[in-house]
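K.L.:
Provided herewith: structure_5.txt, compact mmCIF, C-alpha atoms.
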# COMPACT_ATOMS: atom_id res chain seq x y z
CA MET A 161 36.02 127.51 62.97
CA LEU A 162 39.80 127.38 62.61
CA ILE A 163 42.13 129.52 64.72
CA TYR A 164 45.59 129.45 63.17
CA ASN A 165 49.03 131.05 63.42
CA ALA A 166 48.84 130.84 67.22
CA LYS A 167 51.26 130.13 70.03
CA VAL A 168 49.11 127.51 71.79
CA VAL A 169 49.35 127.14 75.59
CA THR A 170 47.60 123.84 76.27
CA TRP A 171 47.44 123.83 80.11
CA GLY A 172 47.59 120.08 79.72
CA ASN A 173 49.39 117.88 82.19
CA PRO A 174 52.18 118.29 81.31
CA ASN A 175 51.67 121.76 79.89
CA GLU A 176 52.94 122.48 76.37
CA VAL A 177 53.57 125.63 74.35
CA LEU A 178 53.10 124.89 70.63
CA ASN A 179 54.43 127.47 68.20
CA ASN A 180 52.60 128.32 64.95
CA HIS A 181 49.77 125.90 65.66
CA ALA A 182 46.08 125.86 64.81
CA VAL A 183 42.97 124.68 66.66
CA TYR A 184 39.91 123.42 64.80
CA ILE A 185 36.57 123.82 66.62
CA LYS A 186 33.51 121.74 65.75
CA ASP A 187 30.23 121.32 67.65
CA ASN A 188 31.46 123.48 70.56
CA LEU A 189 34.47 121.24 71.15
CA ILE A 190 38.11 121.25 70.14
CA ALA A 191 38.21 118.71 67.30
CA GLU A 192 41.83 118.91 66.14
CA ILE A 193 45.16 120.55 66.97
CA GLY A 194 48.11 120.72 64.62
CA PRO A 195 50.61 122.87 62.74
CA SER A 196 48.92 125.83 61.05
CA ASN A 197 49.94 124.86 57.51
CA VAL A 198 48.54 121.34 57.96
CA LEU A 199 45.13 122.41 59.30
CA LEU A 200 44.81 125.31 56.83
CA GLY A 201 45.22 122.78 54.04
CA LYS A 202 42.78 120.37 55.64
CA TYR A 203 39.98 122.92 56.35
CA PRO A 204 40.17 125.53 53.56
CA GLN A 205 36.47 126.44 53.69
CA GLU A 206 36.07 126.92 57.43
CA GLU A 207 35.61 130.30 59.10
CA LYS A 208 39.06 131.43 60.18
CA ILE A 209 40.68 133.61 62.81
CA ASP A 210 44.30 134.60 62.22
CA ALA A 211 45.91 134.71 65.67
CA ASP A 212 48.91 136.64 64.30
CA ASP A 213 51.26 134.79 66.68
CA GLN A 214 49.18 135.68 69.74
CA LEU A 215 48.90 133.22 72.62
CA LEU A 216 45.88 130.94 72.36
CA MET A 217 44.98 129.73 75.84
CA PRO A 218 42.04 128.20 77.73
CA GLY A 219 39.73 130.86 79.16
CA SER A 220 40.20 131.86 82.79
CA ILE A 221 37.89 130.45 85.49
CA CYS A 222 36.63 132.21 88.62
CA ALA A 223 35.76 129.80 91.44
CA HIS A 224 33.89 132.29 93.65
CA THR A 225 32.30 135.64 92.80
CA HIS A 226 29.34 137.92 93.58
CA PHE A 227 27.53 139.56 90.65
CA TYR A 228 25.36 141.48 93.12
CA GLY A 229 28.33 143.56 94.27
CA ALA A 230 28.59 145.59 91.06
CA TYR A 231 26.84 148.66 92.52
CA SER A 232 29.45 148.99 95.26
CA ARG A 233 31.85 150.44 92.67
CA GLY A 234 32.54 154.06 93.64
CA MET A 235 30.01 154.00 96.49
CA GLY A 236 30.53 156.17 99.55
CA ILE A 237 29.44 154.56 102.84
CA PRO A 238 27.84 157.21 105.12
CA CYS A 239 29.41 156.13 108.42
CA LYS A 240 32.78 155.76 110.12
CA PRO A 241 35.23 153.40 108.41
CA ALA A 242 34.62 149.80 109.46
CA LYS A 243 37.07 148.58 112.08
CA ASP A 244 36.60 144.86 111.37
CA PHE A 245 34.92 142.40 109.05
CA PRO A 246 31.50 142.28 110.81
CA GLU A 247 31.26 146.07 110.42
CA ILE A 248 32.16 145.76 106.74
CA LEU A 249 29.31 143.27 106.33
CA ASN A 250 26.83 145.40 108.26
CA ASN A 251 27.81 148.75 106.76
CA LEU A 252 28.16 147.66 103.13
CA TRP A 253 27.10 144.22 101.96
CA TYR A 254 24.04 143.61 104.14
CA LYS A 255 22.63 146.94 103.00
CA LEU A 256 23.67 146.74 99.36
CA ASP A 257 22.05 143.36 98.75
CA ARG A 258 18.77 144.66 100.28
CA SER A 259 18.89 147.59 97.85
CA LEU A 260 18.58 145.40 94.76
CA ASP A 261 15.37 144.78 92.85
CA GLU A 262 14.87 142.71 89.71
CA GLU A 263 16.23 145.36 87.34
CA SER A 264 19.37 146.10 89.37
CA THR A 265 19.96 142.38 89.88
CA ARG A 266 19.92 141.93 86.11
CA LEU A 267 22.15 144.95 85.52
CA SER A 268 24.66 143.81 88.15
CA ALA A 269 25.04 140.50 86.34
CA GLU A 270 25.29 142.18 82.93
CA ILE A 271 27.94 144.63 84.15
CA PHE A 272 30.14 141.95 85.66
CA ILE A 273 29.71 139.46 82.82
CA VAL A 274 30.80 142.16 80.36
CA ASP A 275 33.90 142.60 82.52
CA ALA A 276 34.43 138.82 82.57
CA ILE A 277 34.28 138.53 78.78
CA LYS A 278 36.64 141.46 78.30
CA SER A 279 38.99 139.91 80.88
CA GLY A 280 38.98 136.48 79.23
CA CYS A 281 37.10 134.78 82.07
CA THR A 282 34.81 132.20 80.50
CA THR A 283 33.51 130.25 83.54
CA LEU A 284 32.10 131.85 86.69
CA PHE A 285 30.86 130.43 90.01
CA ASP A 286 28.46 133.05 91.39
CA HIS A 287 27.03 133.39 94.90
CA HIS A 288 23.99 135.69 94.80
CA ALA A 289 22.00 137.72 97.36
CA SER A 290 19.04 140.09 96.90
CA PRO A 291 16.75 139.75 99.96
CA GLU A 292 14.07 142.06 98.49
CA PHE A 293 14.01 139.99 95.28
CA ILE A 294 14.50 136.31 96.01
CA ASP A 295 11.86 134.38 94.07
CA GLY A 296 13.01 134.02 90.47
CA SER A 297 16.29 135.88 91.03
CA LEU A 298 18.35 132.94 89.74
CA ASP A 299 16.23 132.84 86.57
CA VAL A 300 17.17 136.47 85.93
CA LEU A 301 20.87 135.65 86.33
CA ALA A 302 20.50 132.58 84.12
CA ASP A 303 18.85 134.69 81.43
CA VAL A 304 21.86 137.03 81.40
CA VAL A 305 24.19 134.01 81.25
CA ASP A 306 22.16 132.67 78.32
CA GLN A 307 22.31 135.94 76.36
CA SER A 308 26.00 136.51 77.06
CA GLY A 309 27.25 133.06 76.03
CA ILE A 310 29.33 132.70 79.19
CA ARG A 311 29.48 129.52 81.31
CA ALA A 312 28.26 129.83 84.94
CA SER A 313 27.27 128.06 88.14
CA LEU A 314 24.60 129.96 90.11
CA CYS A 315 23.15 129.84 93.62
CA TYR A 316 21.23 131.99 96.12
CA GLU A 317 22.71 132.59 99.57
CA VAL A 318 20.49 131.32 102.39
CA THR A 319 20.76 133.41 105.56
CA ASP A 320 18.81 133.95 108.79
CA ARG A 321 19.78 137.60 109.08
CA ASN A 322 16.58 138.87 107.43
CA GLY A 323 14.21 136.63 109.38
CA LYS A 324 13.01 133.07 108.92
CA ASP A 325 10.66 134.01 106.07
CA GLY A 326 13.71 135.13 104.10
CA THR A 327 15.52 131.94 105.09
CA LYS A 328 12.73 129.76 103.74
CA ALA A 329 12.47 131.83 100.55
CA GLY A 330 16.20 131.36 99.91
CA ILE A 331 15.93 127.61 100.45
CA ARG A 332 12.98 127.43 98.06
CA GLU A 333 14.81 129.43 95.39
CA ASN A 334 17.86 127.17 95.49
CA ALA A 335 15.80 123.99 95.45
CA ARG A 336 13.55 125.24 92.64
CA PHE A 337 16.44 126.34 90.45
CA LEU A 338 18.48 123.17 90.96
CA LYS A 339 15.45 121.04 90.09
CA LYS A 340 15.07 123.12 86.91
CA ILE A 341 18.69 122.37 86.01
CA LYS A 342 18.23 118.70 86.82
CA ASP A 343 15.21 118.65 84.49
CA GLY A 344 17.37 119.86 81.59
CA TYR A 345 17.76 123.65 81.82
CA THR A 346 21.51 123.69 81.17
CA LEU A 347 21.93 126.11 78.23
CA ASP A 348 23.74 123.49 76.15
CA GLY A 349 25.96 122.58 79.06
CA ARG A 350 26.86 126.18 80.00
CA LEU A 351 24.70 126.36 83.15
CA THR A 352 24.81 124.51 86.44
CA GLY A 353 24.20 125.39 90.07
CA THR A 354 24.97 124.86 93.72
CA PHE A 355 22.89 125.34 96.88
CA GLY A 356 24.00 128.67 98.36
CA ILE A 357 24.42 129.38 102.07
CA HIS A 358 25.87 132.68 103.31
CA ALA A 359 28.09 131.65 106.24
CA CYS A 360 27.95 129.87 109.58
CA LEU A 361 27.85 133.35 111.10
CA THR A 362 24.30 133.96 109.83
CA VAL A 363 22.63 130.54 109.95
CA ASP A 364 21.56 128.35 112.86
CA GLU A 365 21.54 124.57 113.10
CA GLU A 366 17.91 124.35 112.05
CA THR A 367 18.68 126.22 108.83
CA LEU A 368 21.68 124.02 108.02
CA ALA A 369 19.53 120.92 108.52
CA GLU A 370 16.77 122.37 106.31
CA CYS A 371 19.30 123.15 103.55
CA ALA A 372 20.72 119.63 103.73
CA ALA A 373 17.20 118.20 103.48
CA ALA A 374 16.17 120.45 100.57
CA ILE A 375 19.12 120.04 98.18
CA PRO A 376 18.31 117.88 95.14
CA GLU A 377 20.50 114.85 94.62
CA GLY A 378 23.61 115.39 92.54
CA PHE A 379 24.43 118.94 93.69
CA GLY A 380 26.68 120.51 96.31
CA PHE A 381 26.72 123.67 98.40
CA HIS A 382 28.55 127.00 98.07
CA ILE A 383 29.26 128.74 101.40
CA HIS A 384 31.71 131.16 103.03
CA VAL A 385 33.69 129.46 105.81
CA GLY A 386 36.05 131.04 108.32
CA GLU A 387 36.50 134.20 106.26
CA SER A 388 37.13 136.11 109.47
CA GLN A 389 37.81 134.94 113.02
CA GLU A 390 34.34 136.13 114.04
CA ASP A 391 32.77 133.38 111.92
CA GLU A 392 34.58 130.76 113.99
CA TRP A 393 34.02 132.46 117.36
CA ASP A 394 30.31 132.83 116.64
CA SER A 395 29.94 129.11 115.97
CA LEU A 396 31.90 128.25 119.11
CA TYR A 397 29.85 130.60 121.30
CA ARG A 398 26.44 129.62 119.89
CA PHE A 399 26.90 125.92 119.16
CA ASN A 400 30.16 124.84 120.85
CA LYS A 401 31.52 123.75 117.46
CA ARG A 402 33.78 125.34 114.89
CA CYS A 403 32.34 126.13 111.44
CA GLY A 404 33.80 123.11 109.69
CA LYS A 405 32.43 120.70 112.32
CA ARG A 406 28.93 122.20 112.02
CA LEU A 407 29.03 121.76 108.25
CA TYR A 408 30.50 118.27 108.53
CA ASP A 409 27.83 117.16 110.99
CA ASN A 410 25.06 118.52 108.75
CA LYS A 411 26.54 116.82 105.65
CA ILE A 412 27.15 120.16 103.92
CA LEU A 413 30.76 119.31 103.01
CA GLY A 414 31.45 117.02 100.05
CA ASP A 415 33.09 116.69 96.65
CA LYS A 416 30.48 118.93 94.99
CA THR A 417 30.69 121.68 97.65
CA ILE A 418 32.74 124.89 97.47
CA VAL A 419 33.81 126.67 100.64
CA ALA A 420 35.10 130.19 100.07
CA HIS A 421 38.06 131.64 101.98
CA ALA A 422 38.77 129.12 104.82
CA VAL A 423 41.16 131.70 106.28
CA HIS A 424 40.63 130.78 109.93
CA VAL A 425 39.97 127.03 109.77
CA ASP A 426 42.07 124.91 112.10
CA LYS A 427 43.82 121.58 111.48
CA ALA A 428 40.76 119.51 112.39
CA GLU A 429 38.62 121.48 109.94
CA MET A 430 41.23 121.09 107.22
CA ASP A 431 41.16 117.35 107.82
CA MET A 432 37.36 117.39 107.39
CA LEU A 433 37.64 119.39 104.17
CA LYS A 434 40.22 116.95 102.83
CA GLU A 435 38.32 113.83 103.95
CA THR A 436 35.13 114.98 102.21
CA GLY A 437 36.88 116.15 99.03
CA THR A 438 35.46 119.66 99.47
CA TRP A 439 36.73 122.41 97.16
CA ILE A 440 38.30 125.53 98.74
CA SER A 441 38.35 128.87 96.96
CA HIS A 442 41.08 131.41 97.78
CA GLN A 443 40.41 135.15 97.23
CA PRO A 444 43.61 137.05 98.11
CA ARG A 445 42.55 140.52 96.88
CA SER A 446 39.38 140.40 98.97
CA ASN A 447 41.18 139.00 102.02
CA MET A 448 43.71 141.84 101.88
CA ASN A 449 41.00 144.46 101.38
CA ASN A 450 39.02 143.16 104.36
CA ALA A 451 42.18 142.63 106.45
CA VAL A 452 41.01 139.18 107.54
CA GLY A 453 44.32 137.35 107.09
CA ALA A 454 45.61 134.72 104.68
CA ALA A 455 44.47 131.12 104.37
CA GLN A 456 47.09 128.39 104.77
CA VAL A 457 46.79 127.51 101.11
CA GLU A 458 50.39 126.36 100.70
CA SER A 459 49.89 123.78 103.45
CA MET A 460 46.52 122.81 102.00
CA LEU A 461 48.00 122.28 98.54
CA ALA A 462 50.93 120.30 99.94
CA ASP A 463 48.40 118.06 101.72
CA GLY A 464 46.55 117.37 98.46
CA MET A 465 43.56 119.61 99.18
CA LYS A 466 41.63 121.09 96.26
CA VAL A 467 42.34 124.81 96.51
CA CYS A 468 41.02 127.02 93.70
CA LEU A 469 41.14 130.75 92.94
CA GLY A 470 38.20 133.18 92.91
CA ASN A 471 37.72 136.95 92.96
CA ASP A 472 34.93 137.52 95.54
CA GLY A 473 33.34 140.14 93.29
CA PHE A 474 36.52 142.02 92.39
CA THR A 475 37.34 142.56 88.71
CA PHE A 476 37.48 139.44 86.53
CA ASP A 477 41.06 139.82 85.36
CA MET A 478 42.00 136.62 87.13
CA TRP A 479 45.69 137.18 86.44
CA SER A 480 45.47 139.98 89.02
CA GLU A 481 44.32 137.33 91.48
CA TRP A 482 47.36 135.21 90.50
CA LYS A 483 49.60 138.19 91.25
CA ALA A 484 47.90 138.94 94.58
CA ALA A 485 48.24 135.32 95.69
CA TYR A 486 51.92 135.30 94.73
CA TYR A 487 52.72 138.54 96.62
CA MET A 488 50.35 138.22 99.60
CA HIS A 489 51.86 135.12 101.15
CA LYS A 490 55.41 136.41 100.75
CA LEU A 491 54.51 139.60 102.57
CA ILE A 492 52.39 138.13 105.35
CA ASN A 493 55.12 135.56 106.10
CA ARG A 494 57.95 138.05 105.47
CA ASP A 495 59.65 135.40 103.38
CA PRO A 496 60.24 135.74 99.60
CA ARG A 497 60.45 131.95 99.29
CA ARG A 498 56.77 131.53 100.12
CA MET A 499 54.05 130.87 97.49
CA ASN A 500 55.83 129.34 94.55
CA GLY A 501 54.52 130.31 91.13
CA TYR A 502 53.67 126.68 90.44
CA ASP A 503 51.32 126.71 93.45
CA VAL A 504 49.52 129.74 91.99
CA GLN A 505 49.32 127.91 88.66
CA GLU A 506 47.93 124.84 90.45
CA MET A 507 45.10 126.91 91.91
CA GLY A 508 44.37 129.31 89.05
CA ALA A 509 44.73 126.91 86.13
CA TYR A 510 44.60 123.25 87.12
CA ASN A 511 42.34 123.16 90.18
CA ASN A 512 39.91 125.70 88.75
CA ALA A 513 39.71 123.48 85.66
CA ARG A 514 39.13 120.36 87.77
CA LEU A 515 36.36 122.11 89.70
CA SER A 516 34.69 123.15 86.45
CA ALA A 517 34.99 119.70 84.89
CA HIS A 518 33.44 118.16 88.00
CA SER A 519 30.67 120.77 88.22
CA PHE A 520 29.65 120.85 84.56
CA GLY A 521 30.25 117.16 83.87
CA LEU A 522 32.64 117.87 81.01
CA ASP A 523 35.93 116.13 80.31
CA LYS A 524 39.27 117.85 79.69
CA PHE A 525 38.00 121.19 80.96
CA GLY A 526 40.34 124.19 81.02
CA GLN A 527 42.84 122.80 78.53
CA ILE A 528 43.45 122.79 74.81
CA ALA A 529 43.03 119.15 73.91
CA VAL A 530 40.93 117.17 71.46
CA GLY A 531 37.48 116.71 73.00
CA ALA A 532 37.81 119.64 75.41
CA PRO A 533 35.17 122.41 75.49
CA ALA A 534 36.15 125.27 73.19
CA ASP A 535 36.54 127.91 75.93
CA LEU A 536 39.47 129.92 74.61
CA ILE A 537 41.13 133.33 74.65
CA LEU A 538 43.64 135.10 72.44
CA VAL A 539 46.29 137.11 74.30
CA GLU A 540 48.42 139.75 72.57
CA TYR A 541 51.49 139.12 74.68
CA ARG A 542 54.71 139.54 72.75
CA PRO A 543 57.43 137.93 74.90
CA PHE A 544 60.92 139.37 74.61
CA THR A 545 62.45 136.40 76.45
CA ASP A 546 61.73 132.70 76.07
CA LEU A 547 58.20 131.66 77.07
CA ASN A 548 57.86 127.96 77.76
CA ALA A 549 55.80 125.50 79.82
CA GLY A 550 58.26 125.77 82.70
CA ASN A 551 58.34 129.54 83.12
CA ILE A 552 54.85 130.63 82.07
CA PRO A 553 53.61 131.25 85.66
CA TRP A 554 56.19 134.02 85.99
CA HIS A 555 55.31 135.50 82.59
CA ILE A 556 51.70 135.66 83.80
CA ILE A 557 52.54 137.11 87.22
CA PHE A 558 55.04 139.70 86.01
CA GLY A 559 53.97 140.33 82.41
CA PHE A 560 50.32 139.59 81.62
CA ASN A 561 47.40 141.97 82.02
CA GLU A 562 43.78 141.88 80.89
CA ARG A 563 44.28 144.62 78.26
CA MET A 564 46.18 142.04 76.21
CA ILE A 565 43.09 139.88 75.64
CA THR A 566 41.75 140.37 72.13
CA ALA A 567 39.28 137.48 71.78
CA THR A 568 37.10 135.41 74.11
CA ILE A 569 35.33 132.21 73.04
CA ALA A 570 33.02 130.09 75.22
CA ASN A 571 31.45 126.80 74.18
CA GLY A 572 32.72 127.42 70.65
CA LYS A 573 30.96 130.80 70.35
CA VAL A 574 32.89 134.03 69.84
CA LEU A 575 31.94 136.48 72.62
CA MET A 576 34.63 139.05 71.80
CA LEU A 577 36.82 139.43 68.71
CA ASN A 578 39.46 142.10 68.15
CA ARG A 579 38.37 143.53 71.52
CA GLU A 580 34.79 144.05 70.25
CA LEU A 581 32.00 142.35 72.20
CA THR A 582 29.65 140.31 70.04
CA THR A 583 26.92 139.22 72.48
CA MET A 584 26.71 142.13 74.95
CA ASP A 585 26.17 145.86 74.28
CA GLU A 586 28.45 147.39 76.90
CA LYS A 587 27.53 150.99 76.08
CA ALA A 588 23.78 150.32 76.40
CA ILE A 589 24.25 148.34 79.64
CA CYS A 590 26.32 151.14 81.20
CA ALA A 591 23.73 153.72 80.11
CA ARG A 592 20.93 151.73 81.76
CA SER A 593 23.05 151.32 84.86
CA MET A 594 23.69 155.07 85.05
CA GLU A 595 19.92 155.56 85.07
CA LYS A 596 19.50 152.97 87.83
CA TYR A 597 22.43 153.49 90.19
CA SER A 598 21.00 156.52 92.04
CA GLN A 599 17.91 154.50 93.01
CA VAL A 600 20.12 151.72 94.37
CA TRP A 601 22.40 154.14 96.21
CA ASP A 602 19.47 156.14 97.65
CA LYS A 603 17.93 152.96 99.04
CA PHE A 604 21.34 151.91 100.39
CA ASN A 605 21.74 155.27 102.14
CA SER A 606 18.25 155.02 103.61
CA TYR A 607 19.33 151.93 105.56
CA HIS A 608 22.00 154.06 107.27
CA GLN A 609 19.51 156.61 108.60
Show the structure stored in the file as structure tokens.
P.N.:
Amino acid sequence: MLIYNAKVVTWGNPNEVLNNHAVYIKDNLIAEIGPSNVLLGKYPQEEKIDADDQLLMPGSICAHTHFYGAYSRGMGIPCKPAKDFPEILNNLWYKLDRSLDEESTRLSAEIFIVDAIKSGCTTLFDHHASPEFIDGSLDVLADVVDQSGIRASLCYEVTDRNGKDGTKAGIRENARFLKKIKDGYTLDGRLTGTFGIHACLTVDEETLAECAAAIPEGFGFHIHVGESQEDEWDSLYRFNKRCGKRLYDNKILGDKTIVAHAVHVDKAEMDMLKETGTWISHQPRSNMNNAVGAAQVESMLADGMKVCLGNDGFTFDMWSEWKAAYYMHKLINRDPRRMNGYDVQEMGAYNNARLSAHSFGLDKFGQIAVGAPADLILVEYRPFTDLNAGNIPWHIIFGFNERMITATIANGKVLMLNRELTTMDEKAICARSMEKYSQVWDKFNSYHQ
């Protein structure tokens, strides 16, 4: 396939913006990049997409999300508004995940993956929970990933909050699924996994040790850390250690592990995260919504820590997460000089790409370069001022939106073209979800009685 007449944003290092260029895709990889007239002459018989001077960019990446949260959209919670994060967990998420069965688990993934494709997000790191449907739940998610053509890392969250039988089932599901991946179930390189743990708040030391013992070699963990101050206080009260120290002592941290949020970690914990090469995922929209505070991501980035950008189950227009990160830290610090656009770019483009390359074992991930995976989007953004490698973060933050995305390609396969989905039937999925949602909401409401 040849995509031509494009304004190519390479996200290389250094980044380049190449006018009227073409990209030739072969065997799921980018095989050649050059001026449109040159490649049109070289590959006259190939299938072609005329970009019509749209931006051709690497697909967006989401470093932390929750497919299972789809049925929270529009939901009314039958109790007083939550006053803090533990009440949000107890009133919403701990009851929603228990309301999911196999069908609603599948639909949740389908709904959010449709949103991801339409939003130009081609790689997703999911963190799943469905306590009433644990065994085989990751196979259901993987099947949706397979059908959609998206690229994803999956895990199941281990937690003690539903009893030790549920804990052991979660451990088994992670270990089983990771062994399946290790044995070759990778969907042509589009599927990988981590070992999911909910948070220090809901696991004891025995569970952490069992997770560390059960993880197959070659994989890391995916866990919420210090999202709210209660996570840290709970660990101090119960175990006389902060969250990061508990994870460090149990060998949970490492260069294949993702910790989400890290809002309330202290300097010693940050040193542990840096020492172990652990990835940190920042979710500003979620942190604002839950009123838990803002992670010290500017300091982390300045110290060379690997901070990425996720959405925590919000919509997959990752440029909205860029905007939220840019604005949030200015407001919370009451200083317009805070959170430079290049820092947002470092998280949302470069570090997310490095995480994906490391996780999927693919070189040159998240960039348009020869040999890189063909995960691409076309963006109908018509700049009326100069757009160049130096100022593109501010074009994204102040100008881009997901409605501009006209095509999404993952692993060389077209998932959306001219805003029409090619692998997912959005109308049919929404119709099935409308038939299912009342069952999920009724079960959710029953837990409040």
K.L.:
At a cut-off of 8 Å, can you tabulate as CSV every residue of segment 352-443 of chain A near segment 310-313 of chain A together with its closest atom pair and the distance in Å to one decimal, using only C-alpha atoms and ordering rows by chain then number?
P.N.:
residue,atom,partner,partner_atom,distance
A:Thr352,CA,A:Ser313,CA,4.6
A:Gly353,CA,A:Ser313,CA,4.5
A:Thr354,CA,A:Ser313,CA,6.8
K.L.:
Find the residues around segment 477-489 of chain A up to 10 Å (all atoms listed in the file counted), leave out those fewer than 3 positions away in its own chain, and share them as a JSON list (two decimals) with C-alpha atoms, in the frame of the given file.
P.N.:
[["chain", "number", "residue", "atom", "x", "y", "z"],
["A", 220, "SER", "CA", 40.20, 131.86, 82.79],
["A", 221, "ILE", "CA", 37.89, 130.45, 85.49],
["A", 222, "CYS", "CA", 36.63, 132.21, 88.62],
["A", 275, "ASP", "CA", 33.90, 142.60, 82.52],
["A", 276, "ALA", "CA", 34.43, 138.82, 82.57],
["A", 277, "ILE", "CA", 34.28, 138.53, 78.78],
["A", 278, "LYS", "CA", 36.64, 141.46, 78.30],
["A", 279, "SER", "CA", 38.99, 139.91, 80.88],
["A", 280, "GLY", "CA", 38.98, 136.48, 79.23],
["A", 281, "CYS", "CA", 37.10, 134.78, 82.07],
["A", 442, "HIS", "CA", 41.08, 131.41, 97.78],
["A", 443, "GLN", "CA", 40.41, 135.15, 97.23],
["A", 444, "PRO", "CA", 43.61, 137.05, 98.11],
["A", 445, "ARG", "CA", 42.55, 140.52, 96.88],
["A", 446, "SER", "CA", 39.38, 140.40, 98.97],
["A", 447, "ASN", "CA", 41.18, 139.00, 102.02],
["A", 448, "MET", "CA", 43.71, 141.84, 101.88],
["A", 453, "GLY", "CA", 44.32, 137.35, 107.09],
["A", 454, "ALA", "CA", 45.61, 134.72, 104.68],
["A", 455, "ALA", "CA", 44.47, 131.12, 104.37],
["A", 456, "GLN", "CA", 47.09, 128.39, 104.77],
["A", 457, "VAL", "CA", 46.79, 127.51, 101.11],
["A", 458, "GLU", "CA", 50.39, 126.36, 100.70],
["A", 469, "LEU", "CA", 41.14, 130.75, 92.94],
["A", 470, "GLY", "CA", 38.20, 133.18, 92.91],
["A", 471, "ASN", "CA", 37.72, 136.95, 92.96],
["A", 474, "PHE", "CA", 36.52, 142.02, 92.39],
["A", 492, "ILE", "CA", 52.39, 138.13, 105.35],
["A", 493, "ASN", "CA", 55.12, 135.56, 106.10],
["A", 494, "ARG", "CA", 57.95, 138.05, 105.47],
["A", 495, "ASP", "CA", 59.65, 135.40, 103.38],
["A", 496, "PRO", "CA", 60.24, 135.74, 99.60],
["A", 497, "ARG", "CA", 60.45, 131.95, 99.29],
["A", 498, "ARG", "CA", 56.77, 131.53, 100.12],
["A", 499, "MET", "CA", 54.05, 130.87, 97.49],
["A", 500, "ASN", "CA", 55.83, 129.34, 94.55],
["A", 501, "GLY", "CA", 54.52, 130.31, 91.13],
["A", 502, "TYR", "CA", 53.67, 126.68, 90.44],
["A", 503, "ASP", "CA", 51.32, 126.71, 93.45],
["A", 504, "VAL", "CA", 49.52, 129.74, 91.99],
["A", 505, "GLN", "CA", 49.32, 127.91, 88.66],
["A", 507, "MET", "CA", 45.10, 126.91, 91.91],
["A", 508, "GLY", "CA", 44.37, 129.31, 89.05],
["A", 509, "ALA", "CA", 44.73, 126.91, 86.13],
["A", 553, "PRO", "CA", 53.61, 131.25, 85.66],
["A", 554, "TRP", "CA", 56.19, 134.02, 85.99],
["A", 556, "ILE", "CA", 51.70, 135.66, 83.80],
["A", 557, "ILE", "CA", 52.54, 137.11, 87.22],
["A", 558, "PHE", "CA", 55.04, 139.70, 86.01],
["A", 559, "GLY", "CA", 53.97, 140.33, 82.41],
["A", 560, "PHE", "CA", 50.32, 139.59, 81.62],
["A", 561, "ASN", "CA", 47.40, 141.97, 82.02],
["A", 562, "GLU", "CA", 43.78, 141.88, 80.89],
["A", 563, "ARG", "CA", 44.28, 144.62, 78.26],
["A", 565, "ILE", "CA", 43.09, 139.88, 75.64]]
K.L.:
Using all atoms listed in the file, find each residue in segment 489-545 of chain A having at least one atom no more than 7 Å away from segment 566-570 of chain A; report its shortest atom-to-atom pair and that distance in Å (one decimal), rows by chain then rising number, as a tab-separated table.
P.N.:
residue	atom	partner	partner_atom	distance
A:Ala534	CA	A:Ala570	CA	6.1
A:Asp535	CA	A:Ala570	CA	4.2
A:Leu536	CA	A:Ile569	CA	5.0
A:Ile537	CA	A:Thr568	CA	4.6
A:Leu538	CA	A:Ala567	CA	5.0
A:Val539	CA	A:Thr566	CA	6.0
A:Glu540	CA	A:Thr566	CA	6.7
K.L.:
Rank A:Pro246, A:Leu347, A:Val467, A:Leu301 by their smallest atom-to-atom distance to Glu263 of chain A, using all atoms listed in the file, and report the top residue only.
P.N.:
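Distance minimum relative to Glu263 of chain A lands on A:Leu301.
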K.L.:
Calculate how many Å separate atom CA of Thr367 of chain A from atom CA of Lys405 of chain A, rounding to one decimal.
P.N.:
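One can read the atom CA of Thr367 of chain A to atom CA of Lys405 of chain A distance as 15.2 Å.
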K.L.:
Nearest residue to Ser441 of chain A out of A:Ala211, A:Leu515, A:Ala372, A:Ala223, using all atoms listed in the file?
P.N.:
A:Ala223
K.L.:
At what distance in Å, to one decimal, does atom CA of Cys403 of chain A lie from atom CA of Ala422 of chain A?
P.N.:
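Computing the Euclidean distance for atom CA of Ala422 of chain A and atom CA of Cys403 of chain A yields 9.7 Å.
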K.L.:
Please identify all polymer residues within 10 Å of Asp546 of chain A, counting all atoms listed in the file, omitting same-chain residues fewer than 5 positions from it, and present them as a list in words.
P.N.:
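The residues satisfying every condition are Asn551, Ile552 and His555 of chain A.
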K.L.:
Taking into account only C-alpha atoms, which residue in the set A:Asn322, A:Asn410, A:Thr438, A:Gln307 is nearest to Lys255 of chain A?
P.N.:
A:Asn322
K.L.:
For His287 of chain A, which of A:Asn334, A:Asn511, A:Thr362, A:Gln609 is the closest residue, counting all atoms listed in the file?
P.N.:
A:Asn334
K.L.:
Between atom CA of Glu206 of chain A and atom CA of Thr282 of chain A, measure the distance and give it in Å to one decimal.
P.N.:
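Between atom CA of Glu206 of chain A and atom CA of Thr282 of chain A the gap works out to 23.7 Å.
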K.L.:
Enumerate, as number ranges by chain, the protein, DNA and RNA residues whose atoms approach (29.2, 140.0, 79.1) to within 6 Å, taking into account all atoms listed in the file and the coordinate frame of the file.
P.N.:
A: 270, 273-274, 277, 308, 584
K.L.:
Selection from above, C-alpha atoms, as a tab-separated table (two decimals), in the coordinates of the input, can you write it?
P.N.:
chain	number	residue	atom	x	y	z
A	270	GLU	CA	25.29	142.18	82.93
A	273	ILE	CA	29.71	139.46	82.82
A	274	VAL	CA	30.80	142.16	80.36
A	277	ILE	CA	34.28	138.53	78.78
A	308	SER	CA	26.00	136.51	77.06
A	584	MET	CA	26.71	142.13	74.95
